[in-house]
file entry_30.cif (mmCIF, C-alpha atoms)
data_upload
#
loop_
_atom_site.label_atom_id
_atom_site.label_comp_id
_atom_site.auth_asym_id
_atom_site.auth_seq_id
_atom_site.Cartn_x
_atom_site.Cartn_y
_atom_site.Cartn_z
CA MET A 7 101.32 194.71 75.54
CA SER A 8 102.21 195.51 79.16
CA SER A 9 99.70 194.72 81.89
CA HIS A 10 99.47 196.13 85.40
CA THR A 11 101.96 193.45 86.49
CA SER A 12 104.47 193.86 83.65
CA ILE A 13 106.74 196.55 82.25
CA SER A 14 107.72 197.26 78.67
CA GLN A 15 111.29 197.11 77.42
CA ASP A 16 111.20 200.79 76.52
CA LYS A 17 110.04 201.89 79.97
CA LEU A 18 112.62 199.76 81.75
CA SER A 19 115.41 200.95 79.45
CA ARG A 20 114.56 204.54 80.44
CA LEU A 21 114.83 203.67 84.13
CA ILE A 22 118.15 201.83 83.94
CA GLY A 23 121.07 204.07 84.78
CA THR A 24 118.97 206.34 86.99
CA ALA A 25 118.46 206.48 90.74
CA LYS A 26 114.91 205.22 90.17
CA THR A 27 115.89 201.86 88.70
CA PRO A 28 113.87 199.08 90.36
CA VAL A 29 115.53 195.93 91.67
CA LEU A 30 116.15 193.66 88.68
CA ILE A 31 115.99 189.93 89.42
CA ASP A 32 117.09 187.38 86.82
CA VAL A 33 115.48 183.97 87.45
CA ARG A 34 116.54 182.18 84.28
CA THR A 35 117.47 178.55 84.80
CA ASP A 36 121.16 177.71 85.13
CA GLU A 37 121.01 176.08 81.69
CA ASP A 38 119.54 179.18 80.06
CA PHE A 39 122.03 181.44 81.81
CA ALA A 40 124.95 179.23 80.75
CA ALA A 41 123.78 179.55 77.14
CA ASP A 42 124.04 183.35 77.36
CA PRO A 43 125.79 184.51 80.57
CA ARG A 44 124.88 188.15 80.26
CA LEU A 45 122.60 190.22 82.46
CA ILE A 46 120.33 193.18 82.00
CA PRO A 47 122.31 196.06 83.57
CA GLY A 48 122.10 195.96 87.36
CA ALA A 49 120.34 192.59 87.56
CA VAL A 50 121.03 190.00 90.26
CA ARG A 51 120.61 186.26 89.81
CA ARG A 52 118.20 184.31 92.01
CA ASN A 53 116.72 180.80 91.94
CA HIS A 54 112.99 180.94 91.22
CA GLN A 55 112.43 177.78 93.28
CA ASP A 56 113.49 179.60 96.46
CA ALA A 57 111.52 182.81 95.89
CA ALA A 58 109.45 182.25 99.03
CA ASN A 59 112.68 182.26 101.06
CA TRP A 60 114.66 185.15 99.56
CA GLY A 61 111.77 187.41 98.58
CA GLY A 62 111.76 189.19 101.93
CA GLU A 63 115.13 190.83 101.28
CA PHE A 64 113.45 193.03 98.67
CA ALA A 65 110.42 193.95 100.80
CA GLY A 66 109.24 197.51 100.34
CA HIS A 67 111.04 197.95 97.01
CA PRO A 68 109.78 197.81 93.43
CA ALA A 69 111.24 194.88 91.49
CA ILE A 70 111.27 193.59 87.92
CA VAL A 71 111.58 189.84 87.44
CA VAL A 72 113.24 188.54 84.28
CA CYS A 73 113.13 184.99 82.93
CA MET A 74 113.83 183.73 79.43
CA ARG A 75 110.64 185.02 77.77
CA GLY A 76 108.66 186.72 80.55
CA GLU A 77 106.40 183.74 81.11
CA LYS A 78 105.98 181.16 83.86
CA LEU A 79 109.21 181.58 85.87
CA ALA A 80 109.03 185.36 85.97
CA GLN A 81 105.29 185.51 86.60
CA GLY A 82 105.38 182.87 89.31
CA THR A 83 108.34 184.52 91.04
CA ALA A 84 106.70 187.95 90.86
CA ALA A 85 103.54 186.52 92.40
CA TRP A 86 105.56 185.12 95.32
CA LEU A 87 107.36 188.44 95.74
CA ARG A 88 104.07 190.29 96.01
CA HIS A 89 103.30 188.06 99.01
CA ALA A 90 106.52 189.41 100.56
CA ASP A 91 105.41 193.06 100.18
CA VAL A 92 107.45 193.58 97.02
CA SER A 93 105.89 195.61 94.23
CA ALA A 94 106.90 193.08 91.58
CA GLU A 95 106.41 193.18 87.82
CA THR A 96 107.72 191.06 84.97
CA LEU A 97 109.58 192.24 81.87
CA ASP A 98 107.62 191.94 78.64
CA GLY A 99 109.38 189.45 76.40
CA GLY A 100 111.91 188.55 79.10
CA PHE A 101 115.62 188.28 78.46
CA GLU A 102 115.13 187.12 74.87
CA GLY A 103 112.96 190.11 74.01
CA TRP A 104 115.51 192.48 75.57
CA LYS A 105 118.31 190.85 73.57
CA GLU A 106 116.33 190.92 70.32
CA ALA A 107 115.75 194.64 70.85
CA LYS A 108 119.56 195.05 71.03
CA LEU A 109 119.38 196.72 74.43
CA PRO A 110 122.49 196.72 76.69
CA LEU A 111 123.59 193.51 78.36
CA VAL A 112 126.39 193.21 80.91
CA ASN A 113 129.03 190.53 80.44
CA ALA A 114 128.59 188.60 83.71
CA SER A 115 131.95 186.88 83.31
CA LYS A 116 133.62 190.22 84.05
CA LEU A 117 131.82 190.60 87.38
CA PRO A 118 133.95 190.05 90.50
CA PRO A 119 132.91 187.36 92.99
CA ARG A 120 130.26 188.60 95.40
CA ASP A 121 130.62 188.68 99.17
CA ALA A 122 128.38 186.85 101.65
CA GLN A 123 125.76 189.58 101.25
CA GLY A 124 125.75 189.34 97.46
CA ARG A 125 127.74 192.55 96.84
CA THR A 126 130.78 193.16 94.67
CA VAL A 127 133.61 194.83 96.60
CA TRP A 128 136.09 197.24 95.03
CA VAL A 129 139.14 199.09 96.35
CA THR A 130 141.02 202.13 95.08
CA ARG A 131 143.11 205.10 96.16
CA ALA A 132 141.74 207.56 98.68
CA ARG A 133 140.83 211.18 97.83
CA PRO A 134 139.06 210.49 94.52
CA LYS A 135 138.65 213.20 91.92
CA ILE A 136 137.22 212.09 88.55
CA ASP A 137 137.80 208.49 87.42
CA ARG A 138 137.46 207.14 90.96
CA ILE A 139 134.02 208.75 91.28
CA ALA A 140 132.88 208.05 87.70
CA CYS A 141 133.70 204.32 87.93
CA PRO A 142 131.73 203.71 91.15
CA TRP A 143 128.82 205.63 89.63
CA LEU A 144 128.91 203.37 86.55
CA ILE A 145 129.09 200.22 88.67
CA ARG A 146 126.23 201.19 90.97
CA ARG A 147 123.98 202.40 88.17
CA PHE A 148 124.66 199.66 85.59
CA VAL A 149 126.45 196.69 87.18
CA ASP A 150 125.80 196.22 90.91
CA PRO A 151 123.57 198.72 92.76
CA ASN A 152 124.85 197.42 96.11
CA ALA A 153 128.57 197.53 95.29
CA VAL A 154 130.92 198.46 98.13
CA PHE A 155 133.89 200.80 97.58
CA LEU A 156 136.92 200.93 99.85
CA PHE A 157 139.20 203.97 99.69
CA VAL A 158 142.69 203.42 101.11
CA THR A 159 146.18 204.90 100.84
CA PRO A 160 147.76 204.24 97.42
CA PRO A 161 150.49 201.82 98.59
CA GLU A 162 147.92 199.56 100.27
CA VAL A 163 145.36 199.17 97.49
CA VAL A 164 146.59 195.81 96.19
CA ALA A 165 147.22 194.34 99.66
CA VAL A 166 143.80 195.44 100.91
CA GLY A 167 142.28 193.87 97.82
CA GLU A 168 143.99 190.57 98.58
CA ARG A 169 143.11 190.53 102.28
CA PHE A 170 139.51 191.72 101.91
CA ASN A 171 138.58 190.06 98.60
CA ALA A 172 138.16 193.45 96.95
CA VAL A 173 138.89 194.22 93.30
CA PRO A 174 141.46 197.01 92.80
CA PHE A 175 140.74 199.67 90.20
CA ASP A 176 142.30 202.84 88.83
CA ILE A 177 145.85 202.01 89.88
CA GLU A 178 148.76 200.82 87.77
CA ASN A 179 149.23 197.18 86.77
CA VAL A 180 145.70 195.92 87.47
CA PHE A 181 142.96 194.83 85.05
CA TRP A 182 140.62 197.75 85.77
CA SER A 183 142.88 200.66 84.96
CA HIS A 184 143.97 203.05 82.22
CA ARG A 185 144.87 201.47 78.87
CA GLY A 186 146.74 203.65 76.43
CA GLU A 187 144.70 206.81 75.98
CA LEU A 188 141.65 205.30 77.67
CA CYS A 189 140.89 205.96 81.31
CA THR A 190 139.42 203.38 83.69
CA PHE A 191 135.87 204.57 83.02
CA ASP A 192 136.37 203.86 79.29
CA VAL A 193 137.72 200.40 80.09
CA MET A 194 134.76 199.51 82.30
CA ILE A 195 132.25 200.60 79.66
CA GLU A 196 134.00 198.44 77.07
CA GLU A 197 134.58 195.37 79.24
CA PHE A 198 131.07 195.31 80.68
CA GLY A 199 129.47 195.76 77.25
CA LEU A 200 127.89 199.14 77.99
CA SER A 201 128.92 201.07 74.88
CA THR A 202 125.69 203.01 74.42
CA PRO A 203 125.77 206.48 72.81
CA PRO A 204 125.01 208.35 76.09
CA LEU A 205 127.67 206.46 78.06
CA LEU A 206 130.23 206.89 75.29
CA ARG A 207 129.57 210.62 75.28
CA LEU A 208 129.96 210.71 79.04
CA ALA A 209 133.14 208.64 78.72
CA THR A 210 134.66 211.28 76.44
CA MET A 211 133.91 213.93 79.05
CA VAL A 212 135.44 211.83 81.82
CA ARG A 213 138.54 210.99 79.78
CA ALA A 214 139.05 214.62 78.83
CA ALA A 215 138.74 215.83 82.42
CA ASP A 216 140.74 212.97 83.92
CA THR A 217 143.69 213.11 81.51
CA ALA A 218 144.01 216.91 81.09
CA ARG A 219 142.82 216.81 77.45
CA LEU A 220 140.01 219.30 77.85
CA ASP A 221 139.89 219.91 74.10
CA LEU A 222 138.21 216.49 73.64
CA SER A 223 134.91 217.67 75.09
CA PRO A 224 133.41 221.15 75.51
CA GLU A 225 131.78 219.96 78.75
CA ALA A 226 134.99 218.58 80.29
CA PRO A 227 136.09 221.83 81.99
CA GLY A 228 132.76 221.94 83.81
CA LEU A 229 133.12 218.32 84.93
CA LEU A 230 136.67 219.01 86.08
CA ALA A 231 135.64 222.10 88.03
CA ALA A 232 132.71 220.33 89.69
CA SER A 233 134.87 217.31 90.56
CA LEU A 234 137.64 219.37 92.11
CA GLY A 235 135.07 221.43 93.98
CA LEU A 236 133.55 218.29 95.50
CA SER A 237 136.98 217.08 96.57
CA ARG A 238 137.41 220.34 98.52
CA MET A 239 133.94 220.17 100.05
CA TYR A 240 134.26 216.67 101.54
CA ASP A 241 136.96 215.20 103.76
CA ASP A 242 135.17 211.85 103.86
CA ASP A 243 135.59 209.90 100.61
CA LEU A 244 132.29 208.05 100.99
CA GLU A 245 130.40 211.30 101.51
CA GLN A 246 132.10 212.69 98.43
CA LEU A 247 131.09 209.57 96.49
CA GLU A 248 127.45 210.03 97.44
CA ALA A 249 127.56 213.66 96.30
CA GLY A 250 129.34 212.59 93.13
CA MET A 251 126.57 210.10 92.33
CA LEU A 252 124.16 213.00 91.92
CA LEU A 253 126.68 214.88 89.79
CA TYR A 254 127.09 211.97 87.38
CA ASP A 255 123.35 211.31 87.39
CA ALA A 256 122.92 214.83 86.06
CA PHE A 257 125.66 214.55 83.43
CA TYR A 258 124.32 211.17 82.28
CA ARG A 259 120.79 212.50 81.89
CA TRP A 260 122.17 215.41 79.87
CA CYS A 261 124.10 212.97 77.65
CA ARG A 262 121.00 210.83 77.20
CA ASP A 263 118.17 213.33 77.01
CA ALA A 264 119.23 216.96 76.71
CA THR A 265 122.23 217.43 74.42
CA GLY A 266 120.10 219.27 71.90
CA GLU A 267 118.58 221.66 74.42
CA THR A 268 119.94 225.19 74.71
CA HIS A 269 119.28 228.03 77.08
CA ASN A 270 119.33 231.50 75.60
CA TRP A 271 118.60 234.59 77.63
CA PRO A 272 115.80 236.49 75.85
CA THR A 273 116.98 239.68 74.20
CA ASN A 274 115.14 242.91 74.84
CA LYS A 275 113.33 244.07 71.79
CA ALA A 276 113.69 247.74 71.01
CA LYS A 277 110.51 249.68 71.59
CA ALA A 278 108.93 251.03 68.50
#
call {"tool": "encode", "arguments": {"input": "entry_30.cif", "output": "structure tokens"}}
result
Amino acid sequence: MSSHTSISQDKLSRLIGTAKTPVLIDVRTDEDFAADPRLIPGAVRRNHQDAANWGGEFAGHPAIVVCMRGEKLAQGTAAWLRHADVSAETLDGGFEGWKEAKLPLVNASKLPPRDAQGRTVWVTRARPKIDRIACPWLIRRFVDPNAVFLFVTPPEVVAVGERFNAVPFDIENVFWSHRGELCTFDVMIEEFGLSTPPLLRLATMVRAADTARLDLSPEAPGLLAASLGLSRMYDDDLEQLEAGMLLYDAFYRWCRDATGETHNWPTNKAKA
């Protein structure tokens, strides 16, 4: 049972993928992590022994601390974080409980190296439309909330990636790209281990809109129209990305929570 300093698996699973996700801090030992190198979506790894030193970077933010079973390492780290003005809780059951509940786990081996500030850095073509907005949304909501995205001219994507230690995506002949009929968004969901029903439904919408196969999803024309509209509204790619985050937040919540809801205008009943 959750206490005032812990959070249930169900409650956390409802927060993940939304803009209200707390900071997730994995403090499992190196040995435990090596035994299962996966992460709760969006989690960052930290050493519990140094909590007094790194805790300040999360000051003013809510945080959930995860250890193997939600016991001493998580509770001790959360207690230190509260000294650093972090509203810190622990996850009931820890990593093992989350895994036993068959909730999503990200394959950490697929994560790019992080920069000096602990962020993953990605690079793609400028003037994004669909896939190049959907993929950053997925990464920030489920993989790395602090990920950096560089938008450059198409011929320079690979070279910029090499010079700035950024991972190229959604261009030809790179790992994170279209594969057969799948678009890059599909590939990321599969490779990161995020094949949940809501994300798979969203992936069908993205694939349909991105590859001109609108018959795959009734919602795809709406996503295409909204995406092209955003591209006309913003000259700055980063501003467009921020606006696109809200768009995909809305589509994801529909995929997760509202697919069965309809809106019918009430008919006027004939007067007797």
call {"tool": "resolve_selection", "arguments": {"input": "entry_30.cif", "expression": "the PyMOL selection byres ((chain A and resi 213) around 12)", "output": "number ranges by chain"}}
result
A: 136-138, 140-141, 184-193, 205-212, 214-223, 225-227, 229-230
call {"tool": "residues_around", "arguments": {"input": "entry_30.cif", "residues": "A:Ile13", "least_positions_apart": "2", "cutoff": "7 Å", "atoms": "all atoms listed in the file", "output": "ChimeraX atom specification"}}
result
/A:8,15,17-18,95-98
call {"tool": "write_last_selection", "arguments": {"input": "entry_30.cif", "atoms": "C-alpha atoms", "output": "mmCIF file, in the frame of the given file"}}
result
data_model
loop_
_atom_site.group_PDB
_atom_site.id
_atom_site.type_symbol
_atom_site.label_atom_id
_atom_site.label_comp_id
_atom_site.auth_asym_id
_atom_site.auth_seq_id
_atom_site.Cartn_x
_atom_site.Cartn_y
_atom_site.Cartn_z
ATOM 1 C CA SER A 8 102.210 195.510 79.160
ATOM 2 C CA GLN A 15 111.290 197.110 77.420
ATOM 3 C CA LYS A 17 110.040 201.890 79.970
ATOM 4 C CA LEU A 18 112.620 199.760 81.750
ATOM 5 C CA GLU A 95 106.410 193.180 87.820
ATOM 6 C CA THR A 96 107.720 191.060 84.970
ATOM 7 C CA LEU A 97 109.580 192.240 81.870
ATOM 8 C CA ASP A 98 107.620 191.940 78.640
#
call {"tool": "closest_residue", "arguments": {"input": "entry_30.cif", "among": "A:Glu63, A:Glu196, A:Glu162, A:Glu168", "to": "A:Lys116", "atoms": "only C-alpha atoms"}}
result
A:Glu196
call {"tool": "closest_residue", "arguments": {"input": "entry_30.cif", "among": "A:Asn59, A:Asn113, A:Thr35, A:Thr265", "to": "A:Lys78", "atoms": "only C-alpha atoms"}}
result
A:Thr35
call {"tool": "atom_distance", "arguments": {"input": "entry_30.cif", "atom1": "atom CA of A:Asp38", "atom2": "atom CA of A:Met74"}}
result
7.3 Å
call {"tool": "residues_around", "arguments": {"input": "entry_30.cif", "residues": "A:Asn53", "least_positions_apart": "6", "cutoff": "10 Å", "atoms": "only C-alpha atoms", "output": "ChimeraX atom specification"}}
result
/A:31-36,60,79,83
call {"tool": "closest_residue", "arguments": {"input": "entry_30.cif", "among": "A:Leu244, A:Val127, A:Ala165, A:Ala58", "to": "A:Ala90", "atoms": "only C-alpha atoms"}}
result
A:Ala58
call {"tool": "resolve_selection", "arguments": {"input": "entry_30.cif", "expression": "the PyMOL selection byres ((chain A and resi 101) around 7)", "output": "PyMOL selection string"}}
result
chain A and resi 72-75+99-100+102-105
call {"tool": "closest_residue", "arguments": {"input": "entry_30.cif", "among": "A:Leu144, A:Ala256, A:Val166, A:Ile139", "to": "A:Leu236", "atoms": "only C-alpha atoms"}}
result
A:Ile139
call {"tool": "resolve_selection", "arguments": {"input": "entry_30.cif", "expression": "the PyMOL selection byres ((chain A and resi 112) around 8)", "output": "PDB file with C-alpha atoms, in the frame of the given file"}}
result
ATOM      1  CA  ARG A  44     124.880 188.150  80.260  1.00  0.00           C
ATOM      2  CA  LEU A  45     122.600 190.220  82.460  1.00  0.00           C
ATOM      3  CA  ILE A  46     120.330 193.180  82.000  1.00  0.00           C
ATOM      4  CA  PRO A  47     122.310 196.060  83.570  1.00  0.00           C
ATOM      5  CA  PRO A 110     122.490 196.720  76.690  1.00  0.00           C
ATOM      6  CA  LEU A 111     123.590 193.510  78.360  1.00  0.00           C
ATOM      7  CA  ASN A 113     129.030 190.530  80.440  1.00  0.00           C
ATOM      8  CA  ALA A 114     128.590 188.600  83.710  1.00  0.00           C
ATOM      9  CA  VAL A 149     126.450 196.690  87.180  1.00  0.00           C
ATOM     10  CA  PHE A 198     131.070 195.310  80.680  1.00  0.00           C
ATOM     11  CA  GLY A 199     129.470 195.760  77.250  1.00  0.00           C
ATOM     12  CA  LEU A 200     127.890 199.140  77.990  1.00  0.00           C
TER      13      LEU A 200
END
call {"tool": "atom_distance", "arguments": {"input": "entry_30.cif", "atom1": "atom CA of A:Val50", "atom2": "atom CA of A:Ser14"}}
result
19.1 Å
call {"tool": "atom_distance", "arguments": {"input": "entry_30.cif", "atom1": "atom CA of A:Gly66", "atom2": "atom CA of A:Arg120"}}
result
23.4 Å
